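Q: I'd like to ask some things about the structure below.
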Amino acid sequence: MEIFVQSVVSGVLTGSLYAMIAIGLTIVFGVMRIINLAHGEMVMLGMFGAYWSYTLWGIDPFVSILIWSPLMFLVGMAIHRFLLRDVIPKGELNTLLYTAGLSLFVANLALFFWTGDYRTLNLPYAQWPVRPFGIAVPIALAIAFCMAIAITTALYLLLSRTDIGRAIRATAQNSQSAALMGVNVKRIDTITFGVGTALAAAAGVLLVPSLYLYPTVGEILITKCFVIVVLGGLGSVPGAIAGAILLGLVESLGAVYVSVAYKDTIGFVLFLLVLLFRPSGLFGVGRS
Amino acid sequence: MTLLTVSGLRKDFGGLRAISDLSFELRKGEILGLIGPNGAGKTTAFNLITGFIPATAGTALLEGQSILGLKPSAIVKRGIARTFQVVKPFRNLSVLENVTLAAFLNEPRRVRAEEKARATLERVQLSRKIENNAGDLTLGEQKYLEIARALATDAKILFLDEPMGGLNPTEVENACALVQRIRQDGTTVILVEHHMQAIMKISDRVVVLHHGVKIADGTPHDVVRNRDVIAAYLGRQAA
Amino acid sequence: MKHILAAVGVLILFVAPLLTNNSFYQHLMIMVLFWTLLGASWNLLGGFAGQVSFGHATFLGIGAYTTMLFYLSLNMSPWLGMIAGGVLGALVALPIGLICFRLRGPYFSLATLAVAEIVRLVALNWDQLTAGPVGLLITTLPPLSLGGHAVNWESKIPFYYIAAALMLFATVLTYAVSRSRFGAYLTAIREDIDSAEAVGIDTVRVRVSALVLSAFVVGLAGGFYSVYFRYIDPDAVFAISLSVEMVFIAVVGGLATTAGPVVGALVLVSIAEVFRERFAAGHLIFYGLFMMLVIRYLPEGIWGRLRFLLGLTR
């Protein structure tokens with residue numbers, strides 16, 4: 001029983017961070033109908049940013065997130081404005097391959113400058129887990145979880161209460177009508193991409209005290225992301241959250257109760273099953 | 001002789017009953033008009049019979065054989081072809097290629113299929129536009145193209161969904177004449193239309209739907225005087 | 001014009017490996033043929049029919065493992081094994097197609113990706129069958145003699161001609177499809193799947209057929225891979241990067257054309273090699289950049305643009 005609870009807690013904590021990454025991917029799809037294969041690299045850049053600012057200047061990642069996230073927001077906007085915007089009209093497949101090229105470019109640039117060594121960021125105060133009710137909870141992950149919740153809530157408020165948020169939701173539903181209502185769709189596209197990138201980088205910063213860091217970590221993350229956004233429905237934020245938690249749980253419980261080897265497979269099988277029986281996601285809110 | 005028999009057709013979308021207990025017959029060689037106010041379920045009925053959406057209950061027999069539940073392409077092979085309310089031509093392909101694709105159904109060889117396509121395009125008077133991309137045609141021409149596409153499958157019955165929608169008066173005249181020619185050539189036609197004069201002029205019989213229920217079935221003359229029909233369109237006061 | 005180009009192409013094909021003694025250049029030529037083969041078979045489904053699969057490596061791996069296992073365990077000649085690889089790839093494509101074609105657009109693509117990953121993970125973990133991450137190795141190929149001479153498997157030349165035969169097969173197949181009713185149906189499905197159904201095209205059957213055909217050719221290529229490289233492991237033959245590369249070759253060459261994959265493979269294999277020479281460690285940085293530039297400035301593909309410039313379209 002204790003193992004079960006432990007697995008569940010573990011799964012939910014990791015899931016919350018997957019959620020941040022997935023939300024970034026899914027809002028970009030929702031607004032622009034593109035799947036950004038370079039999304040994983042944005043997470044990786046956030047991770048490295050936090051790593052270097054800690055290793056070189058001693059800034060705690062939970063603080064440097066305030067630097068890296070806004071910075072990556074700007075980077076994301078630049079990527080959209082100067083790179084993607086002219087490629088998107090050339091078609092979905094072309095855009096997808098373009099982001100694949102970008103992903104290759106960024107990941108290998110990082111590999112070249114920082115080498116493929118596995119790195120870890122060990123926070124002195126997070127060495128040993130706390131044990132509420134006898135369940136081991138890694139401190140770094142717990143803090144990350146809390147911050148992820150805060151950020152996601154802020155995003156929710158942004159989307160539901162502000163004009164920009166409304167404009168984003170309108171563009172996601174119907175960009176032509178939104179344009180007719182006076183929404184500057186191009187600007188919204190750029191802003192949304194910036195937000196997506198900022199979320200990815202923020203997730204990276206929060207994750208780095210808990211994960212191994214290496215330049216090609218984006219590959220695994222993006223594959224997990226795909227599973228999540230399909231589970232939750234492409235374009236749906238609540239779906240991405242639910243899908244992420246679900247994946248976190250499936251991986252965690254799968255590792256314990258089925259086998260460590262096949263735990264990744266379970267995620268994919270679940271993914272396929274959902275695609276077959278509920279293509280618009282487990283919660284039926286996705287759009288294709 | 002009766003070609004198509006529809007009985008007890010029903011479609012529920014979750015809690016909404018779009019079509020209730022629809023039954024009618026289509027006789028060979030006739031032109032049947034299907035009318036009703038917006039939202040009556042006309043296009044839904046089309047979609048059910050031509051296989052684009054699954055029916056909740058009921059039967060549809062084409063020459064005695066059940067067609068409900070079959071894939072659209074299978075129903076086309078049995079002899080029913082349709083056009084769409086919002087035209088769906090293969091925009092980036094030529095007019096000729098659009099119709100050739102349909103002709104391929106019964107002519108596996110390209111040369112013969114193209115011949116049949118040209119002949120069909122001649123029938124709908126689109127021969128001049130054969131080389132153009134379908135996407136470049138005017139709406140009226142695209143409607144004719146879609147009819148040609150349906151004809152090229154050698155269909156026994158043509159289901160036309162609002163063929164006159166968006167056409168100017170001259171085009172409507174021509175479309176009416178085309179439908180009559182099609183019938184003369186031996187194809188049975190059932191059409192959904194809002195254009196009252198057109199429907200009344202060319203239909204042999206008219207079926208009226210309202211909120212998914214058939215409220216009248218008879219000659220244009222009778223249907224137009226039917227109180228339920230008038231009430232449906234103009235309200236109880238007018239009837 | 002087209003026929004002249006084709007004839008010249010075939011001539012070059014036959015003569016090329018004899019023009020050099022350098023086995024590395026011969027290897028590059030074989031890689032061009034190999035990737036043309038893969039790009040062409042992906043093109044059938046992805047270019048003509050517009051069904052973008054990101055899991056084609058599944059069939060490559062199945063072809064490779066089939067050939068290897070039949071040879072190592074059952075002593076079946078690898079040449080028959082290659083064909084068996086193709087057949088098995090095609091057989092597996094049937095259920096995969098029936099499952100995945102229920103989905104459209106990005107959902108279809110992601111489903112193919114999921115299938116590929118599942119197969120890779122199974123191959124990685126099912127030690128008893130595939131030897132897992134350790135992989136499988138062929139030490140010697142069975143002796144073969146043609147016209148009294150024993151084939152020298154140490155030389156690249158025999159492999160070149162086998163690859164050339166496969167590539168020719170794939171290219172001729174693509175050409176035949178493009179002129180047939182089946183090919184026209186694929187295009188219709190790409191353009192508007194509902195309209196395709198409305199003109200009597202059984203879109204499920206046609207798409208599955210295209211997938212099965214495509215998978216057969218990729219399976220053959222997988223068998224070739226086994227025999228040529230003599231070593232396979234799950235990450236070599238089931239990798240997502242292989243699937244993505246196939247797509248890239250077809251797109252860069254020019255979708256839905258017969259010559260596109262040839263041009264795509266030629267350009268990409270050469271460029272990749274040039275980058276590897278000039279930049280050693282960081283060569284993928286430039287490959288990624290190259291990908292971005294080509295998509296941005298030649299979205300219809302290199303051959304797509306050439307065709308247009310030469311006035312060869314329609």
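Chain lettering (A, B, ...) mirrors the order of the structure tokens, residue numbering begins at 1 for each chain separately, and ligand numbering begins at 1 in order of display.
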Within 8 Å of chain A, which residues of chain C come that close, and what is the closest atom pair and distance in Å for each? Count only C-alpha atoms and give it as a tab-separated table.
A:
```
residue	atom	partner	partner_atom	distance
C:Val52	CA	A:Leu93	CA	7.8
C:Ile99	CA	A:Leu276	CA	6.9
C:Cys100	CA	A:Leu276	CA	7.6
C:Arg102	CA	A:Leu276	CA	7.2
C:Leu103	CA	A:Pro279	CA	7.0
C:Arg104	CA	A:Ser288	CA	7.8
C:Gly105	CA	A:Ser288	CA	7.2
C:Pro106	CA	A:Ser288	CA	7.3
C:Tyr107	CA	A:Leu275	CA	7.3
C:Leu110	CA	A:Phe226	CA	7.3
C:Ala111	CA	A:Leu272	CA	6.3
C:Ala114	CA	A:Phe268	CA	5.8
C:Val115	CA	A:Leu272	CA	7.5
C:Glu117	CA	A:Phe268	CA	7.5
C:Ile118	CA	A:Thr265	CA	5.6
C:Leu121	CA	A:Thr265	CA	6.4
C:Val122	CA	A:Thr265	CA	7.7
C:Asn125	CA	A:Ala261	CA	6.7
C:Phe248	CA	A:Leu97	CA	7.0
C:Val251	CA	A:Asn94	CA	7.8
C:Ala281	CA	A:Phe112	CA	7.0
C:Gly282	CA	A:Phe112	CA	6.0
C:Leu284	CA	A:Asn108	CA	6.2
C:Ile285	CA	A:Phe105	CA	4.5
C:Phe286	CA	A:Phe105	CA	6.9
C:Tyr287	CA	A:Phe105	CA	7.4
C:Gly288	CA	A:Gly101	CA	4.2
C:Leu289	CA	A:Phe105	CA	6.0
C:Phe290	CA	A:Gly101	CA	7.7
C:Met291	CA	A:Gly101	CA	5.2
C:Met292	CA	A:Tyr98	CA	5.1
C:Ile295	CA	A:Asn94	CA	6.2
C:Arg296	CA	A:Val87	CA	5.8
C:Pro299	CA	A:Lys90	CA	6.4
```
Q: For the residues in the current selection, export N, CA and C atoms as a compact mmCIF listing (two decimals), in the first residue's frame.
A:
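Generated output (part_9.txt):
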```txt
# COMPACT_ATOMS: atom_id res chain seq x y z
N VAL C 52 0.77 11.28 -44.01
CA VAL C 52 2.13 11.49 -43.50
C VAL C 52 2.45 10.54 -42.36
N ILE C 99 -5.74 0.14 -38.18
CA ILE C 99 -5.84 0.89 -36.94
C ILE C 99 -5.62 2.38 -37.19
N CYS C 100 -4.51 2.71 -37.80
CA CYS C 100 -4.12 4.12 -37.91
C CYS C 100 -4.97 4.93 -38.88
N ARG C 102 -7.98 5.10 -39.18
CA ARG C 102 -9.23 5.60 -38.61
C ARG C 102 -9.02 7.05 -38.15
N LEU C 103 -7.77 7.48 -38.17
CA LEU C 103 -7.44 8.82 -37.71
C LEU C 103 -7.04 9.69 -38.88
N ARG C 104 -7.16 11.01 -38.64
CA ARG C 104 -6.79 11.90 -39.73
C ARG C 104 -5.72 12.88 -39.30
N GLY C 105 -5.06 13.45 -40.30
CA GLY C 105 -4.13 14.55 -40.08
C GLY C 105 -3.06 14.24 -39.06
N PRO C 106 -2.81 15.19 -38.12
CA PRO C 106 -1.72 14.99 -37.16
C PRO C 106 -1.93 13.76 -36.29
N TYR C 107 -3.20 13.40 -36.03
CA TYR C 107 -3.45 12.21 -35.20
C TYR C 107 -2.92 10.96 -35.89
N LEU C 110 0.91 10.97 -35.57
CA LEU C 110 1.37 10.62 -34.22
C LEU C 110 1.13 9.15 -33.92
N ALA C 111 0.04 8.61 -34.46
CA ALA C 111 -0.23 7.19 -34.24
C ALA C 111 0.88 6.34 -34.86
N ALA C 114 3.78 6.42 -32.64
CA ALA C 114 3.59 5.58 -31.46
C ALA C 114 3.83 4.11 -31.79
N VAL C 115 3.30 3.67 -32.92
CA VAL C 115 3.49 2.27 -33.31
C VAL C 115 4.98 1.97 -33.47
N GLU C 117 7.50 3.43 -32.09
CA GLU C 117 8.19 3.41 -30.80
C GLU C 117 7.88 2.13 -30.04
N ILE C 118 6.62 1.70 -30.11
CA ILE C 118 6.26 0.46 -29.42
C ILE C 118 7.07 -0.70 -29.98
N LEU C 121 10.62 -0.49 -28.78
CA LEU C 121 10.78 -0.87 -27.38
C LEU C 121 10.63 -2.38 -27.19
N VAL C 122 9.70 -2.98 -27.94
CA VAL C 122 9.54 -4.42 -27.85
C VAL C 122 10.82 -5.12 -28.34
N ASN C 125 13.45 -4.96 -25.76
CA ASN C 125 13.27 -5.74 -24.53
C ASN C 125 13.06 -7.23 -24.72
N PHE C 248 11.98 13.51 -44.95
CA PHE C 248 12.76 14.64 -45.43
C PHE C 248 13.24 14.43 -46.86
N VAL C 251 10.36 14.94 -49.21
CA VAL C 251 9.94 16.34 -49.29
C VAL C 251 10.98 17.18 -50.01
N ALA C 281 32.75 17.18 -35.81
CA ALA C 281 31.93 17.09 -34.61
C ALA C 281 30.57 17.76 -34.78
N GLY C 282 30.55 18.95 -35.38
CA GLY C 282 29.28 19.67 -35.40
C GLY C 282 28.47 19.51 -36.67
N LEU C 284 25.96 17.87 -37.68
CA LEU C 284 24.51 17.89 -37.64
C LEU C 284 23.95 19.29 -37.46
N ILE C 285 24.76 20.17 -36.90
CA ILE C 285 24.32 21.56 -36.76
C ILE C 285 24.02 22.11 -38.14
N PHE C 286 24.93 21.83 -39.06
CA PHE C 286 24.75 22.36 -40.40
C PHE C 286 23.68 21.61 -41.17
N TYR C 287 23.54 20.31 -40.84
CA TYR C 287 22.48 19.55 -41.50
C TYR C 287 21.12 20.11 -41.12
N GLY C 288 20.97 20.42 -39.84
CA GLY C 288 19.72 21.00 -39.36
C GLY C 288 19.46 22.35 -40.05
N LEU C 289 20.50 23.13 -40.15
CA LEU C 289 20.39 24.44 -40.81
C LEU C 289 20.00 24.26 -42.26
N PHE C 290 20.62 23.27 -42.89
CA PHE C 290 20.32 22.99 -44.29
C PHE C 290 18.86 22.62 -44.46
N MET C 291 18.36 21.76 -43.56
CA MET C 291 16.95 21.38 -43.59
C MET C 291 16.07 22.62 -43.57
N MET C 292 16.39 23.52 -42.64
CA MET C 292 15.58 24.72 -42.50
C MET C 292 15.62 25.56 -43.77
N ILE C 295 13.58 23.92 -46.75
CA ILE C 295 12.14 24.01 -46.56
C ILE C 295 11.68 25.44 -46.80
N ARG C 296 12.46 26.38 -46.30
CA ARG C 296 12.06 27.78 -46.41
C ARG C 296 12.07 28.25 -47.84
N PRO C 299 10.08 24.96 -50.83
CA PRO C 299 9.07 24.13 -50.18
C PRO C 299 8.48 23.07 -51.10
```
Q: Taking 5 positions as the minimum chain separation for residues in the same chain, which residues sit within 9 Å of Thr171 of chain C when counting only C-alpha atoms? Answer as a ChimeraX atom specification.
A: /C:36-37,40-41,166,176,258-259,261-262
Q: How would the residues just picked look written out with C-alpha atoms as a PDB file, in the first residue's frame?
A:
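Printed below is selection01.pdb as written:
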```
ATOM      1  CA  THR C  36      16.176   6.751 -52.757  1.00  0.00           C
ATOM      2  CA  LEU C  37      14.518   3.414 -52.110  1.00  0.00           C
ATOM      3  CA  ALA C  40      10.370   6.533 -52.911  1.00  0.00           C
ATOM      4  CA  SER C  41       8.371   4.083 -50.848  1.00  0.00           C
ATOM      5  CA  LEU C 166      15.914  -2.516 -55.635  1.00  0.00           C
ATOM      6  CA  ALA C 176       3.548   2.764 -62.761  1.00  0.00           C
ATOM      7  CA  THR C 258       8.857   9.826 -59.510  1.00  0.00           C
ATOM      8  CA  ALA C 259      12.243  11.519 -59.727  1.00  0.00           C
ATOM      9  CA  PRO C 261      13.248  10.787 -54.131  1.00  0.00           C
ATOM     10  CA  VAL C 262      16.238  10.247 -56.426  1.00  0.00           C
TER      11      VAL C 262
END
```
Q: Any idea what's packed within 7 Å of Gly85 of chain C, counting only C-alpha atoms, ignoring anything in its chain fewer than 2 positions away? Could you give it as a PyMOL selection string?
A: chain C and resi 62-64+66-67+81-83+87-89+219-220+223
Q: Of the candidates B:Thr44, B:Asn106, B:Thr2, B:Ser23, which one gets nearest to chain C if we count only C-alpha atoms?
A: B:Asn106
Q: Compile the contact shell of Glu273 of chain C as an mmCIF file with C-alpha atoms, in the first residue's frame: residues with an atom at most 12 Å away, counting only C-alpha atoms, same-chain residues fewer than 3 positions apart removed.
A:
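Saved file around-v1.cif follows:
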```cif
data_model
loop_
_atom_site.group_PDB
_atom_site.id
_atom_site.type_symbol
_atom_site.label_atom_id
_atom_site.label_comp_id
_atom_site.auth_asym_id
_atom_site.auth_seq_id
_atom_site.Cartn_x
_atom_site.Cartn_y
_atom_site.Cartn_z
ATOM 1 C CA PHE C 24 34.161 4.839 -49.771
ATOM 2 C CA TYR C 25 32.659 6.563 -52.811
ATOM 3 C CA HIS C 27 29.593 3.161 -50.238
ATOM 4 C CA LEU C 28 28.183 6.653 -50.750
ATOM 5 C CA MET C 29 26.594 5.585 -54.002
ATOM 6 C CA MET C 31 23.689 4.984 -49.583
ATOM 7 C CA VAL C 32 22.161 7.216 -52.259
ATOM 8 C CA ALA C 265 18.642 11.202 -51.792
ATOM 9 C CA LEU C 266 21.399 12.415 -54.066
ATOM 10 C CA VAL C 267 21.430 15.863 -52.541
ATOM 11 C CA LEU C 268 20.972 14.838 -48.930
ATOM 12 C CA VAL C 269 23.474 12.004 -48.829
ATOM 13 C CA SER C 270 26.068 14.186 -50.522
ATOM 14 C CA ARG C 276 30.728 15.317 -42.009
ATOM 15 C CA GLU C 277 34.034 16.028 -43.795
ATOM 16 C CA ARG C 278 34.157 19.769 -43.192
ATOM 17 C CA PHE C 279 32.662 19.965 -39.735
ATOM 18 C CA ALA C 280 33.311 16.598 -38.105
ATOM 19 C CA HIS C 283 28.086 18.349 -38.748
ATOM 20 C CA LEU C 284 24.511 17.886 -37.642
ATOM 21 C CA PHE C 286 24.753 22.359 -40.403
ATOM 22 C CA TYR C 287 22.480 19.554 -41.503
#
```
Q: If you run DSSP over the backbone, which residues in segment 151-239 of chain A end up alpha helix (DSSP H)? Put them as a ChimeraX atom specification.
A: /A:151-161,163-173,175-180,185-207,217-232,237-239
Q: In Å to one decimal, how far is atom CA of Val247 of chain C from atom CA of Leu113 of chain C?
A: 12.5 Å
Q: Please check the contacts: residues of chain B at most 10 Å away from chain C, using only C-alpha atoms, listed as a ChimeraX atom specification.
A: /B:50-52,71-84,87-93,97-110,113,146,149-153
Q: Using Å and a single decimal, report how far atom CA of Trp68 of chain A sits from atom CA of Ala50 of chain A.
A: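 Spanning atom CA of Ala50 of chain A to atom CA of Trp68 of chain A is a straight-line distance of 7.4 Å.
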Q: Do a neighbour search on segment 2-12 of chain C at 9 Å with only C-alpha atoms, toss out local chain neighbours closer than 2 positions, and write the hits as a PyMOL selection string.
A: chain C and resi 14-16+168+259+312
Q: For segment 184-193 of chain B, find every residue with an atom within 7 Å (counting only C-alpha atoms), except residues of its own chain fewer than 2 positions away, and show them as a list in words.
A: Lys28, Gly29, Glu30, Ile31, Leu32, Gly33, Leu34, Ile35, Lys42, Lys156, Ile157, Leu158, Phe159, Leu160, Asp161, Glu162, Gln180, Arg181, Ile182, His195 and Ile199 of chain B
Q: One decimal, in Å: what's the spacing between atom CA of Ala55 of chain B and atom CA of Lys11 of chain B?
A: 5.3 Å
Q: Skip Met200 of chain B itself and residues of its chain fewer than 6 positions away, then list as a PDB file with C-alpha atoms, in the first residue's frame all residues within 9 Å of it, counting only C-alpha atoms.
A:
```
ATOM      1  CA  GLY B  33     -38.057  17.267 -54.262  1.00  0.00           C
ATOM      2  CA  VAL B 206     -42.400  16.658 -53.143  1.00  0.00           C
ATOM      3  CA  THR B 219     -47.505  16.544 -55.947  1.00  0.00           C
ATOM      4  CA  PRO B 220     -46.154  20.101 -55.849  1.00  0.00           C
ATOM      5  CA  HIS B 221     -49.656  21.375 -56.354  1.00  0.00           C
ATOM      6  CA  VAL B 224     -48.090  23.885 -51.597  1.00  0.00           C
TER       7      VAL B 224
END
```
Q: According to DSSP computed on the backbone, where in segment 71-215 of chain B is there strand (DSSP E or B)? Give the residues as a PyMOL selection string.
A: chain B and resi 80-82+94+133+157-161+188-192+205-210+213-215
Q: Kindly assemble as a Markdown table a list of the segment 210-243 of chain A residues that lie within 10 Å of segment 148-162 of chain A, each paired with its nearest atom pair and their distance in Å to one decimal, using only C-alpha atoms, sorted first by chain and then by ascending residue number.
A:
```
| residue | atom | partner | partner_atom | distance |
| --- | --- | --- | --- | --- |
| A:Val237 | CA | A:Tyr156 | CA | 8.9 |
| A:Pro238 | CA | A:Tyr156 | CA | 9.5 |
| A:Ile241 | CA | A:Thr152 | CA | 9.3 |
```
Q: The selected residues should be written to file as a compact mmCIF listing (two decimals), in the first residue's frame (atoms: C-alpha atoms).
A:
```
# COMPACT_ATOMS: atom_id res chain seq x y z
CA VAL A 237 -4.96 23.04 -21.86
CA PRO A 238 -6.94 21.15 -19.20
CA ILE A 241 -2.71 18.79 -17.59
```
